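Colleague: Contents of final-v2.cif (mmCIF, C-alpha atoms and all ligand atoms) are below:
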data_final
loop_
_atom_site.group_PDB
_atom_site.id
_atom_site.type_symbol
_atom_site.label_atom_id
_atom_site.label_comp_id
_atom_site.auth_asym_id
_atom_site.auth_seq_id
_atom_site.Cartn_x
_atom_site.Cartn_y
_atom_site.Cartn_z
ATOM 1 C CA MET A 847 163.189 341.499 155.148
ATOM 2 C CA PRO A 848 165.095 340.846 158.414
ATOM 3 C CA ASP A 849 167.586 343.488 159.535
ATOM 4 C CA LYS A 850 170.351 343.686 162.138
ATOM 5 C CA ALA A 851 168.143 345.538 164.620
ATOM 6 C CA LEU A 852 165.634 342.673 164.546
ATOM 7 C CA LEU A 853 168.381 340.117 165.227
ATOM 8 C CA GLN A 854 169.771 342.246 168.049
ATOM 9 C CA SER A 855 166.391 342.468 169.745
ATOM 10 C CA ILE A 856 165.849 338.689 169.406
ATOM 11 C CA HIS A 857 169.310 338.088 170.871
ATOM 12 C CA GLU A 858 168.570 340.403 173.786
ATOM 13 C CA GLU A 859 165.247 338.711 174.498
ATOM 14 C CA ALA A 860 166.844 335.242 174.606
ATOM 15 C CA LEU A 861 169.765 336.246 176.893
ATOM 16 C CA PRO A 862 167.828 335.581 180.154
ATOM 17 C CA LEU A 863 167.486 331.909 179.129
ATOM 18 C CA LEU A 864 171.220 331.353 179.586
ATOM 19 C CA GLY A 865 171.798 329.142 182.615
ATOM 20 C CA GLN A 866 168.591 327.133 182.109
ATOM 21 C CA GLY A 867 169.955 324.282 179.946
ATOM 22 C CA HIS A 868 172.877 321.862 180.141
ATOM 23 C CA VAL A 869 175.983 321.713 177.962
ATOM 24 C CA ALA A 870 176.482 318.245 176.406
ATOM 25 C CA ASP A 871 179.012 316.409 178.565
ATOM 26 C CA TYR A 872 178.883 312.864 177.184
ATOM 27 C CA ILE A 873 181.642 314.034 174.846
ATOM 28 C CA PRO A 874 184.111 315.396 177.481
ATOM 29 C CA ALA A 875 185.792 317.905 175.138
ATOM 30 C CA LEU A 876 182.408 319.539 174.440
ATOM 31 C CA ALA A 877 181.762 320.100 178.155
ATOM 32 C CA GLU A 878 184.589 322.650 178.126
ATOM 33 C CA VAL A 879 182.804 325.053 175.774
ATOM 34 C CA PRO A 880 181.814 328.345 177.502
ATOM 35 C CA PRO A 881 178.061 327.910 178.175
ATOM 36 C CA ASP A 882 177.115 331.595 177.931
ATOM 37 C CA ARG A 883 177.508 332.037 174.170
ATOM 38 C CA LEU A 884 174.559 333.209 172.090
ATOM 39 C CA GLY A 885 174.603 334.042 168.397
ATOM 40 C CA ILE A 886 172.271 334.329 165.422
ATOM 41 C CA ALA A 887 172.980 334.877 161.703
ATOM 42 C CA ILE A 888 170.687 335.071 158.700
ATOM 43 C CA CYS A 889 171.560 334.747 155.028
ATOM 44 C CA THR A 890 169.447 336.091 152.157
ATOM 45 C CA ALA A 891 170.189 336.412 148.447
ATOM 46 C CA GLU A 892 169.896 340.207 148.546
ATOM 47 C CA GLY A 893 171.541 340.968 151.893
ATOM 48 C CA GLY A 894 174.170 338.236 152.330
ATOM 49 C CA VAL A 895 174.821 337.518 156.007
ATOM 50 C CA ILE A 896 173.768 339.656 158.961
ATOM 51 C CA GLY A 897 174.081 338.620 162.593
ATOM 52 C CA ALA A 898 173.976 339.452 166.278
ATOM 53 C CA GLY A 899 175.820 338.256 169.404
ATOM 54 C CA ASP A 900 178.512 335.589 169.005
ATOM 55 C CA TYR A 901 177.634 334.885 165.386
ATOM 56 C CA LEU A 902 181.227 334.932 164.147
ATOM 57 C CA GLU A 903 182.622 332.508 166.749
ATOM 58 C CA PRO A 904 183.221 328.957 165.472
ATOM 59 C CA PHE A 905 181.670 326.038 167.381
ATOM 60 C CA SER A 906 181.395 322.265 166.984
ATOM 61 C CA ILE A 907 178.728 321.606 164.350
ATOM 62 C CA GLN A 908 178.137 318.004 165.534
ATOM 63 C CA SER A 909 174.924 316.553 164.048
ATOM 64 C CA ILE A 910 174.474 319.476 161.669
ATOM 65 C CA SER A 911 177.180 317.654 159.659
ATOM 66 C CA LYS A 912 174.625 314.881 159.023
ATOM 67 C CA VAL A 913 172.929 317.130 156.476
ATOM 68 C CA PHE A 914 176.175 317.619 154.545
ATOM 69 C CA SER A 915 176.785 313.843 154.571
ATOM 70 C CA LEU A 916 173.282 313.206 153.274
ATOM 71 C CA VAL A 917 173.768 315.740 150.482
ATOM 72 C CA GLN A 918 176.998 314.006 149.451
ATOM 73 C CA ALA A 919 175.331 310.584 149.497
ATOM 74 C CA MET A 920 172.316 311.819 147.507
ATOM 75 C CA THR A 921 174.613 313.090 144.777
ATOM 76 C CA ILE A 922 176.517 309.789 144.599
ATOM 77 C CA TYR A 923 173.799 307.144 145.076
ATOM 78 C CA ASP A 924 170.575 306.517 143.139
ATOM 79 C CA GLU A 925 167.397 307.261 145.002
ATOM 80 C CA SER A 926 166.415 303.571 145.026
ATOM 81 C CA GLU A 927 169.805 302.457 146.373
ATOM 82 C CA MET A 928 169.964 305.222 148.959
ATOM 83 C CA TRP A 929 166.647 304.595 150.682
ATOM 84 C CA THR A 930 166.979 300.836 151.060
ATOM 85 C CA ARG A 931 169.742 301.410 153.640
ATOM 86 C CA VAL A 932 168.043 304.160 155.663
ATOM 87 C CA GLY A 933 164.419 305.261 156.195
ATOM 88 C CA LYS A 934 162.560 308.569 155.980
ATOM 89 C CA GLU A 935 160.445 308.414 159.118
ATOM 90 C CA PRO A 936 160.769 310.347 162.374
ATOM 91 C CA SER A 937 162.080 308.171 165.182
ATOM 92 C CA GLY A 938 160.422 309.656 168.278
ATOM 93 C CA ASP A 939 163.408 308.287 170.215
ATOM 94 C CA PRO A 940 166.619 309.982 171.398
ATOM 95 C CA PHE A 941 169.249 310.566 168.709
ATOM 96 C CA ASN A 942 171.574 307.828 169.979
ATOM 97 C CA SER A 943 168.963 305.153 170.726
ATOM 98 C CA LEU A 944 169.487 301.525 169.701
ATOM 99 C CA VAL A 945 165.997 300.257 170.479
ATOM 100 C CA GLN A 946 164.278 300.572 167.081
ATOM 101 C CA LEU A 947 167.269 299.145 165.224
ATOM 102 C CA GLU A 948 166.765 295.708 166.728
ATOM 103 C CA PHE A 949 163.049 295.619 165.869
ATOM 104 C CA GLU A 950 163.564 297.114 162.417
ATOM 105 C CA HIS A 951 166.286 294.765 161.148
ATOM 106 C CA GLY A 952 169.186 297.211 161.311
ATOM 107 C CA ILE A 953 167.583 299.870 159.060
ATOM 108 C CA PRO A 954 167.713 303.257 160.847
ATOM 109 C CA ARG A 955 164.552 305.353 160.807
ATOM 110 C CA ASN A 956 166.151 308.406 159.143
ATOM 111 C CA PRO A 957 169.559 309.856 158.141
ATOM 112 C CA PHE A 958 169.658 312.349 161.029
ATOM 113 C CA ILE A 959 169.701 310.039 164.059
ATOM 114 C CA ASN A 960 173.170 308.665 164.845
ATOM 115 C CA ALA A 961 172.390 305.239 163.349
ATOM 116 C CA GLY A 962 171.218 306.822 160.087
ATOM 117 C CA ALA A 963 174.222 309.127 159.816
ATOM 118 C CA LEU A 964 176.586 306.233 160.514
ATOM 119 C CA VAL A 965 175.016 304.230 157.653
ATOM 120 C CA VAL A 966 175.319 307.266 155.378
ATOM 121 C CA SER A 967 178.996 307.582 156.417
ATOM 122 C CA ASP A 968 179.444 303.876 155.630
ATOM 123 C CA MET A 969 177.961 304.492 152.167
ATOM 124 C CA LEU A 970 180.330 307.436 151.594
ATOM 125 C CA GLN A 971 183.318 305.450 152.849
ATOM 126 C CA GLY A 972 182.616 302.881 150.150
ATOM 127 C CA ARG A 973 182.567 305.412 147.293
ATOM 128 C CA LEU A 974 184.873 308.317 148.283
ATOM 129 C CA SER A 975 188.629 307.918 148.424
ATOM 130 C CA ALA A 976 189.193 310.619 151.084
ATOM 131 C CA PRO A 977 185.854 311.226 152.888
ATOM 132 C CA LYS A 978 187.229 313.588 155.564
ATOM 133 C CA GLN A 979 188.909 315.827 153.009
ATOM 134 C CA ARG A 980 185.865 315.802 150.717
ATOM 135 C CA MET A 981 183.657 316.945 153.573
ATOM 136 C CA LEU A 982 185.995 319.823 154.404
ATOM 137 C CA GLU A 983 186.063 320.838 150.741
ATOM 138 C CA LEU A 984 182.259 320.859 150.661
ATOM 139 C CA VAL A 985 181.764 323.002 153.781
ATOM 140 C CA ARG A 986 184.546 325.406 152.793
ATOM 141 C CA ASP A 987 183.028 325.811 149.360
ATOM 142 C CA LEU A 988 179.441 326.253 150.604
ATOM 143 C CA SER A 989 180.357 328.801 153.275
ATOM 144 C CA GLY A 990 183.050 330.596 151.276
ATOM 145 C CA ASN A 991 185.414 330.173 154.240
ATOM 146 C CA PRO A 992 188.651 328.336 153.341
ATOM 147 C CA ASN A 993 189.787 328.247 156.996
ATOM 148 C CA ILE A 994 187.171 325.791 158.267
ATOM 149 C CA CYS A 995 188.770 322.793 160.012
ATOM 150 C CA SER A 996 187.838 319.837 162.139
ATOM 151 C CA ASP A 997 188.834 319.968 165.808
ATOM 152 C CA LYS A 998 191.160 317.026 166.444
ATOM 153 C CA VAL A 999 190.688 317.181 170.238
ATOM 154 C CA VAL A 1000 186.894 316.897 169.935
ATOM 155 C CA ALA A 1001 187.126 314.116 167.327
ATOM 156 C CA LYS A 1002 189.499 312.145 169.581
ATOM 157 C CA SER A 1003 187.283 312.731 172.620
ATOM 158 C CA GLU A 1004 184.323 311.324 170.656
ATOM 159 C CA TYR A 1005 186.383 308.344 169.555
ATOM 160 C CA ASP A 1006 187.519 307.673 173.135
ATOM 161 C CA HIS A 1007 183.856 307.629 174.247
ATOM 162 C CA SER A 1008 182.343 305.861 171.274
ATOM 163 C CA ALA A 1009 180.898 302.723 172.889
ATOM 164 C CA ARG A 1010 177.303 303.592 172.005
ATOM 165 C CA ASN A 1011 178.023 304.580 168.400
ATOM 166 C CA ALA A 1012 180.169 301.456 167.990
ATOM 167 C CA ALA A 1013 177.302 299.337 169.365
ATOM 168 C CA ILE A 1014 174.970 300.947 166.791
ATOM 169 C CA CYS A 1015 177.415 300.175 163.939
ATOM 170 C CA TYR A 1016 177.943 296.544 165.007
ATOM 171 C CA LEU A 1017 174.218 295.963 165.438
ATOM 172 C CA MET A 1018 173.655 297.232 161.884
ATOM 173 C CA LYS A 1019 176.566 295.083 160.677
ATOM 174 C CA SER A 1020 174.901 292.017 162.233
ATOM 175 C CA PHE A 1021 171.875 292.729 160.008
ATOM 176 C CA GLY A 1022 174.060 293.198 156.922
ATOM 177 C CA ASN A 1023 173.506 296.983 156.761
ATOM 178 C CA PHE A 1024 177.109 298.098 157.311
ATOM 179 C CA GLU A 1025 179.844 297.280 154.813
ATOM 180 C CA ASN A 1026 183.102 298.892 155.893
ATOM 181 C CA ASN A 1027 185.386 298.682 158.896
ATOM 182 C CA VAL A 1028 183.494 300.166 161.876
ATOM 183 C CA ASP A 1029 186.499 302.044 163.252
ATOM 184 C CA ASP A 1030 187.298 303.672 159.904
ATOM 185 C CA VAL A 1031 183.714 304.829 159.381
ATOM 186 C CA MET A 1032 183.404 306.129 162.948
ATOM 187 C CA LYS A 1033 186.624 308.118 162.532
ATOM 188 C CA SER A 1034 185.221 309.847 159.432
ATOM 189 C CA TYR A 1035 181.881 310.449 161.168
ATOM 190 C CA PHE A 1036 183.546 311.968 164.282
ATOM 191 C CA ASN A 1037 185.759 314.086 162.075
ATOM 192 C CA HIS A 1038 182.651 315.495 160.356
ATOM 193 C CA CYS A 1039 180.888 316.120 163.709
ATOM 194 C CA ALA A 1040 183.996 317.906 165.068
ATOM 195 C CA ILE A 1041 184.083 320.479 162.239
ATOM 196 C CA ARG A 1042 184.024 324.019 163.637
ATOM 197 C CA MET A 1043 181.929 326.662 161.906
ATOM 198 C CA SER A 1044 180.316 329.925 163.009
ATOM 199 C CA CYS A 1045 176.640 330.896 162.680
ATOM 200 C CA ALA A 1046 177.686 333.093 159.731
ATOM 201 C CA ASP A 1047 179.465 330.136 158.026
ATOM 202 C CA LEU A 1048 176.489 327.828 158.563
ATOM 203 C CA ALA A 1049 173.860 330.358 157.455
ATOM 204 C CA ARG A 1050 175.807 330.756 154.191
ATOM 205 C CA ALA A 1051 176.412 327.030 153.807
ATOM 206 C CA PHE A 1052 172.708 326.170 154.199
ATOM 207 C CA PHE A 1053 171.450 328.808 151.793
ATOM 208 C CA PHE A 1054 171.078 326.196 149.037
ATOM 209 C CA LEU A 1055 168.187 324.604 150.961
ATOM 210 C CA ALA A 1056 166.405 327.968 150.999
ATOM 211 C CA ASN A 1057 167.183 328.426 147.312
ATOM 212 C CA GLN A 1058 165.934 325.200 145.700
ATOM 213 C CA GLY A 1059 169.358 323.561 145.604
ATOM 214 C CA VAL A 1060 171.395 326.523 144.281
ATOM 215 C CA CYS A 1061 174.252 327.803 146.523
ATOM 216 C CA LEU A 1062 174.898 331.416 147.439
ATOM 217 C CA GLY A 1063 177.517 331.737 144.693
ATOM 218 C CA GLY A 1064 175.039 330.525 142.025
ATOM 219 C CA ARG A 1065 176.304 326.932 141.657
ATOM 220 C CA ARG A 1066 173.644 324.201 141.633
ATOM 221 C CA LEU A 1067 174.535 321.690 144.354
ATOM 222 C CA ILE A 1068 171.455 319.443 144.164
ATOM 223 C CA GLY A 1069 168.217 319.353 142.173
ATOM 224 C CA GLU A 1070 165.116 321.328 143.151
ATOM 225 C CA ARG A 1071 163.304 318.103 144.025
ATOM 226 C CA GLN A 1072 166.195 316.883 146.183
ATOM 227 C CA SER A 1073 166.206 320.196 148.033
ATOM 228 C CA LYS A 1074 162.490 319.758 148.819
ATOM 229 C CA GLN A 1075 163.107 316.163 149.905
ATOM 230 C CA ILE A 1076 165.874 317.186 152.331
ATOM 231 C CA ASN A 1077 163.706 319.980 153.751
ATOM 232 C CA ALA A 1078 160.886 317.471 154.285
ATOM 233 C CA LEU A 1079 163.241 315.156 156.179
ATOM 234 C CA LEU A 1080 164.531 318.084 158.233
ATOM 235 C CA ALA A 1081 160.993 319.152 159.119
ATOM 236 C CA THR A 1082 160.048 315.651 160.291
ATOM 237 C CA SER A 1083 163.345 314.404 161.788
ATOM 238 C CA GLY A 1084 165.865 317.253 162.079
ATOM 239 C CA LEU A 1085 165.308 317.758 165.803
ATOM 240 C CA TYR A 1086 164.974 314.106 166.861
ATOM 241 C CA ASP A 1087 162.286 313.475 169.460
ATOM 242 C CA GLY A 1088 161.897 317.269 169.717
ATOM 243 C CA ALA A 1089 160.813 317.602 166.064
ATOM 244 C CA GLY A 1090 157.108 318.017 166.875
ATOM 245 C CA GLU A 1091 157.707 320.729 169.458
ATOM 246 C CA PHE A 1092 160.102 322.527 167.071
ATOM 247 C CA ALA A 1093 157.574 322.378 164.222
ATOM 248 C CA TYR A 1094 154.915 323.766 166.551
ATOM 249 C CA ARG A 1095 157.043 326.607 167.895
ATOM 250 C CA VAL A 1096 159.298 327.484 164.937
ATOM 251 C CA GLY A 1097 157.664 325.959 161.846
ATOM 252 C CA MET A 1098 160.832 325.705 159.711
ATOM 253 C CA PRO A 1099 162.849 322.705 158.474
ATOM 254 C CA GLY A 1100 165.878 322.604 160.763
ATOM 255 C CA LYS A 1101 168.804 320.607 162.085
ATOM 256 C CA SER A 1102 170.368 320.726 165.515
ATOM 257 C CA GLY A 1103 173.670 319.540 166.944
ATOM 258 C CA VAL A 1104 174.794 318.841 170.523
ATOM 259 C CA GLY A 1105 177.347 321.651 170.140
ATOM 260 C CA GLY A 1106 174.317 323.954 170.532
ATOM 261 C CA GLY A 1107 173.897 325.001 166.911
ATOM 262 C CA ILE A 1108 170.609 324.876 164.991
ATOM 263 C CA VAL A 1109 170.256 325.688 161.304
ATOM 264 C CA ALA A 1110 166.853 326.325 159.729
ATOM 265 C CA VAL A 1111 165.482 327.563 156.421
ATOM 266 C CA VAL A 1112 162.494 329.463 155.127
ATOM 267 C CA PRO A 1113 162.319 327.970 151.616
ATOM 268 C CA GLY A 1114 162.450 330.644 148.934
ATOM 269 C CA GLU A 1115 163.690 333.276 151.363
ATOM 270 C CA LEU A 1116 166.440 332.728 153.918
ATOM 271 C CA SER A 1117 168.678 330.415 155.892
ATOM 272 C CA VAL A 1118 169.404 331.030 159.564
ATOM 273 C CA CYS A 1119 171.763 329.628 162.169
ATOM 274 C CA VAL A 1120 171.586 330.091 165.933
ATOM 275 C CA TRP A 1121 174.077 328.947 168.562
ATOM 276 C CA SER A 1122 173.921 328.580 172.319
ATOM 277 C CA PRO A 1123 175.663 325.553 173.899
ATOM 278 C CA GLU A 1124 173.138 324.806 176.659
ATOM 279 C CA LEU A 1125 170.676 322.112 175.554
ATOM 280 C CA ASP A 1126 167.149 321.051 176.483
ATOM 281 C CA GLU A 1127 166.217 317.474 177.375
ATOM 282 C CA SER A 1128 166.027 316.414 173.682
ATOM 283 C CA GLY A 1129 169.602 317.618 173.069
ATOM 284 C CA ASN A 1130 168.574 320.777 171.194
ATOM 285 C CA SER A 1131 169.807 324.294 172.011
ATOM 286 C CA LEU A 1132 167.426 325.861 174.513
ATOM 287 C CA ALA A 1133 168.056 329.565 173.880
ATOM 288 C CA GLY A 1134 168.702 328.807 170.196
ATOM 289 C CA THR A 1135 165.217 327.348 169.789
ATOM 290 C CA ARG A 1136 163.755 330.409 171.505
ATOM 291 C CA MET A 1137 165.585 332.745 169.097
ATOM 292 C CA LEU A 1138 164.173 330.826 166.122
ATOM 293 C CA GLU A 1139 160.699 330.914 167.646
ATOM 294 C CA LEU A 1140 160.972 334.693 168.050
ATOM 295 C CA LEU A 1141 162.267 335.064 164.486
ATOM 296 C CA SER A 1142 159.378 333.056 163.092
ATOM 297 C CA LYS A 1143 156.880 335.160 165.076
ATOM 298 C CA ARG A 1144 158.416 338.526 164.236
ATOM 299 C CA LEU A 1145 158.756 337.764 160.520
ATOM 300 C CA GLY A 1146 155.418 335.928 160.392
ATOM 301 C CA ARG A 1147 157.110 332.959 158.678
ATOM 302 C CA SER A 1148 156.348 329.251 158.947
ATOM 303 C CA ILE A 1149 156.111 326.530 156.354
ATOM 304 C CA PHE A 1150 152.800 325.400 157.874
HETATM 305 O O1 LIG A 1201 177.681 310.952 167.674
HETATM 306 C C1 LIG A 1201 177.303 311.774 168.503
HETATM 307 O O2 LIG A 1201 176.644 311.472 169.500
HETATM 308 C C2 LIG A 1201 177.653 313.234 168.267
HETATM 309 N N1 LIG A 1201 178.873 313.332 167.521
HETATM 310 C C3 LIG A 1201 176.566 313.952 167.496
HETATM 311 C C4 LIG A 1201 175.251 313.985 168.219
HETATM 312 C C5 LIG A 1201 174.431 315.182 167.967
HETATM 313 O O3 LIG A 1201 174.877 316.256 167.652
HETATM 314 C C6 LIG A 1201 172.993 315.022 168.236
HETATM 315 N N2 LIG A 1201 172.343 316.310 168.140
HETATM 316 N N3 LIG A 1201 171.581 316.885 168.758
#
Take the structure from the file and write it as structure tokens.
Modeller:
Amino acid sequence: MPDKALLQSIHEEALPLLGQGHVADYIPALAEVPPDRLGIAICTAEGGVIGAGDYLEPFSIQSISKVFSLVQAMTIYDESEMWTRVGKEPSGDPFNSLVQLEFEHGIPRNPFINAGALVVSDMLQGRLSAPKQRMLELVRDLSGNPNICSDKVVAKSEYDHSARNAAICYLMKSFGNFENNVDDVMKSYFNHCAIRMSCADLARAFFFLANQGVCLGGRRLIGERQSKQINALLATSGLYDGAGEFAYRVGMPGKSGVGGGIVAVVPGELSVCVWSPELDESGNSLAGTRMLELLSKRLGRSIF
């Protein structure tokens, strides 16, 4: 059972890595985040949330929101309908790459690369009357924090620099795999990415994936089988072209975001979130990955 002293020692051991990565700057508003933040929080059924470092400070969840979008889509769409629009394979390419889309007829490899998340957002746009509000309701409910909001400055900054995501959407539209207005869908997607949550919020919110689909408060969000399916996708594609290295070093299903957050789960036991804004070359938090590697070693946990 992890305790606060363990998290504090992991935090201390990762501190010297600060200064070795690069804060994401392709979204200008994100480049302004203080680079020296480092936090870790763990959530278990028995202990609730414990943390160390900057674990209560909210940050931009970015691609971590792709998991929440997928959960929403999986509860609205049939399995057969869902997986004709997006695949389940790792991409091996950067998260914002367009290359495979052209060869693979506009069907993104998985729901966690940008192309896949944009298709999922398109699917949600078609079936939800207020997608931005529904997403906020979901994350507030899962984390038990009614104050969670999306950062309008970050969302606007993403929209003002959206050429690559727009290109991805239009390429998919040319293949008939994008139904709604591109601008409307991108606005929802950026709004989701710009949501601000702390490590404590995210550890709580992701507990359902450690608990076979049942949230911290006892409500069933998704089925046991769906929870396993999402964890499988996270293990193979949650860290983009860094998924192999992450599986090797950490050995947990996980999801990263360019805001520097990474969430991970040990199924049947705990959910964890780390945050440090400086990224490695795959766009994953450098010190955050190290903290998860240390946690996995110290607890002797891995799904492999
Ligand atoms: O669309 C984008 O590029 C960002 N809003 C999200 C990218 C991201 O977080 C990739 N994660 N490592």
Colleague: List every residue of chain A that has an atom at most 9 Å from any atom of ligand LIG 1201 (chain A), giving for each one its closest atom pair and the distance in Å to one decimal, counting all atoms listed in the file, sorted by chain and then by ascending residue number, as CSV.
Modeller:
residue,atom,partner,partner_atom,distance
A:Tyr872,CA,A:LIG1201,O2,8.1
A:Ile873,CA,A:LIG1201,C2,7.7
A:Ser906,CA,A:LIG1201,O3,8.9
A:Ile907,CA,A:LIG1201,O3,7.4
A:Gln908,CA,A:LIG1201,O3,4.3
A:Ser909,CA,A:LIG1201,O3,3.6
A:Ile910,CA,A:LIG1201,O3,6.8
A:Ser911,CA,A:LIG1201,O3,8.4
A:Lys912,CA,A:LIG1201,O3,8.7
A:Pro940,CA,A:LIG1201,C6,8.7
A:Phe941,CA,A:LIG1201,C6,5.8
A:Asn942,CA,A:LIG1201,O2,6.3
A:Phe958,CA,A:LIG1201,C6,8.4
A:Ile959,CA,A:LIG1201,C6,7.3
A:Asn960,CA,A:LIG1201,O1,5.8
A:Ala961,CA,A:LIG1201,O1,8.9
A:Ala963,CA,A:LIG1201,O1,8.8
A:Leu964,CA,A:LIG1201,O1,8.6
A:Ala1001,CA,A:LIG1201,N1,8.3
A:Glu1004,CA,A:LIG1201,N1,6.6
A:Ser1008,CA,A:LIG1201,O1,7.8
A:Arg1010,CA,A:LIG1201,O2,8.3
A:Asn1011,CA,A:LIG1201,O1,6.4
A:Met1032,CA,A:LIG1201,O1,8.9
A:Tyr1035,CA,A:LIG1201,N1,7.6
A:Phe1036,CA,A:LIG1201,N1,5.8
A:Asn1037,CA,A:LIG1201,N1,8.8
A:His1038,CA,A:LIG1201,N1,8.4
A:Cys1039,CA,A:LIG1201,N1,5.1
A:Ala1040,CA,A:LIG1201,N1,7.3
A:Gly1084,CA,A:LIG1201,N3,8.8
A:Leu1085,CA,A:LIG1201,N3,7.0
A:Tyr1086,CA,A:LIG1201,N3,7.4
A:Lys1101,CA,A:LIG1201,N3,8.1
A:Ser1102,CA,A:LIG1201,N3,5.2
A:Gly1103,CA,A:LIG1201,O3,3.6
A:Val1104,CA,A:LIG1201,O3,3.9
A:Gly1105,CA,A:LIG1201,O3,6.4
A:Gly1106,CA,A:LIG1201,N3,7.8
A:Gly1107,CA,A:LIG1201,N3,8.6
A:Ile1108,CA,A:LIG1201,N3,8.9
A:Leu1125,CA,A:LIG1201,N3,8.6
A:Ser1128,CA,A:LIG1201,N3,7.4
A:Gly1129,CA,A:LIG1201,N3,4.8
A:Asn1130,CA,A:LIG1201,N3,5.5
A:Ser1131,CA,A:LIG1201,N3,8.3
Colleague: Restricting it to C-alpha atoms, dump the selection as a tab-separated table (two decimals), in the frame of the given file.
Modeller:
chain	number	residue	atom	x	y	z
A	872	TYR	CA	178.88	312.86	177.18
A	873	ILE	CA	181.64	314.03	174.85
A	906	SER	CA	181.40	322.26	166.98
A	907	ILE	CA	178.73	321.61	164.35
A	908	GLN	CA	178.14	318.00	165.53
A	909	SER	CA	174.92	316.55	164.05
A	910	ILE	CA	174.47	319.48	161.67
A	911	SER	CA	177.18	317.65	159.66
A	912	LYS	CA	174.62	314.88	159.02
A	940	PRO	CA	166.62	309.98	171.40
A	941	PHE	CA	169.25	310.57	168.71
A	942	ASN	CA	171.57	307.83	169.98
A	958	PHE	CA	169.66	312.35	161.03
A	959	ILE	CA	169.70	310.04	164.06
A	960	ASN	CA	173.17	308.67	164.84
A	961	ALA	CA	172.39	305.24	163.35
A	963	ALA	CA	174.22	309.13	159.82
A	964	LEU	CA	176.59	306.23	160.51
A	1001	ALA	CA	187.13	314.12	167.33
A	1004	GLU	CA	184.32	311.32	170.66
A	1008	SER	CA	182.34	305.86	171.27
A	1010	ARG	CA	177.30	303.59	172.00
A	1011	ASN	CA	178.02	304.58	168.40
A	1032	MET	CA	183.40	306.13	162.95
A	1035	TYR	CA	181.88	310.45	161.17
A	1036	PHE	CA	183.55	311.97	164.28
A	1037	ASN	CA	185.76	314.09	162.07
A	1038	HIS	CA	182.65	315.50	160.36
A	1039	CYS	CA	180.89	316.12	163.71
A	1040	ALA	CA	184.00	317.91	165.07
A	1084	GLY	CA	165.86	317.25	162.08
A	1085	LEU	CA	165.31	317.76	165.80
A	1086	TYR	CA	164.97	314.11	166.86
A	1101	LYS	CA	168.80	320.61	162.08
A	1102	SER	CA	170.37	320.73	165.52
A	1103	GLY	CA	173.67	319.54	166.94
A	1104	VAL	CA	174.79	318.84	170.52
A	1105	GLY	CA	177.35	321.65	170.14
A	1106	GLY	CA	174.32	323.95	170.53
A	1107	GLY	CA	173.90	325.00	166.91
A	1108	ILE	CA	170.61	324.88	164.99
A	1125	LEU	CA	170.68	322.11	175.55
A	1128	SER	CA	166.03	316.41	173.68
A	1129	GLY	CA	169.60	317.62	173.07
A	1130	ASN	CA	168.57	320.78	171.19
A	1131	SER	CA	169.81	324.29	172.01
Colleague: Which one of A:Gly1090, A:Arg1050, A:Gly894, A:Ala860 sits closest to Leu1138 in chain A if you count only C-alpha atoms?
Modeller: A:Ala860
Colleague: Please indicate the distance in Å from CA of Phe914 in chain A to CA of Val1096 in chain A, rounded to one decimal place.
Modeller: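 Between CA of Phe914 in chain A and CA of Val1096 in chain A the gap works out to 22.1 Å.
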Colleague: The PyMOL selection byres (((chain A and resi 937) around 9) and not hetatm) on the file shown: which residues, as a PyMOL selection string?
Modeller: chain A and resi 935-936+938-941+946+954-956+959+1083+1086-1087
Colleague: With a distance cut-off of 8 Å and all atoms listed in the file, select the neighbouring residues of range 987-994 of chain A, excluding the residue or stretch itself and same-chain residues fewer than 3 positions from it, and output the selection as JSON, numbers by chain.
Modeller: {"A": [982, 983, 984, 1041, 1042, 1043, 1047, 1048, 1049, 1050, 1051, 1052, 1061, 1062]}
Colleague: Those selected residues, please, written with C-alpha atoms and delivered as a tab-separated table (two decimals), keeping the file's coordinate frame.
Modeller:
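Generated output (selection-v7.tsv):
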chain	number	residue	atom	x	y	z
A	982	LEU	CA	186.00	319.82	154.40
A	983	GLU	CA	186.06	320.84	150.74
A	984	LEU	CA	182.26	320.86	150.66
A	1041	ILE	CA	184.08	320.48	162.24
A	1042	ARG	CA	184.02	324.02	163.64
A	1043	MET	CA	181.93	326.66	161.91
A	1047	ASP	CA	179.46	330.14	158.03
A	1048	LEU	CA	176.49	327.83	158.56
A	1049	ALA	CA	173.86	330.36	157.46
A	1050	ARG	CA	175.81	330.76	154.19
A	1051	ALA	CA	176.41	327.03	153.81
A	1052	PHE	CA	172.71	326.17	154.20
A	1061	CYS	CA	174.25	327.80	146.52
A	1062	LEU	CA	174.90	331.42	147.44
Colleague: Could you work out how far CA of Leu1017 in chain A lies from CA of His951 in chain A, giving the answer in Å with one decimal?
Modeller: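 Interatomic distance here is 9.1 Å.
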Colleague: CA of Pro1123 in chain A and CA of Leu970 in chain A, how far apart in Å?
Modeller: 29.1 Å
Colleague: With distances taken over only C-alpha atoms, which of A:Gln1075, A:Leu853, A:Pro880, A:Cys1015 is nearest to Gly865 in chain A?
Modeller: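 For Gly865 in chain A, the nearest of the candidates is A:Pro880.
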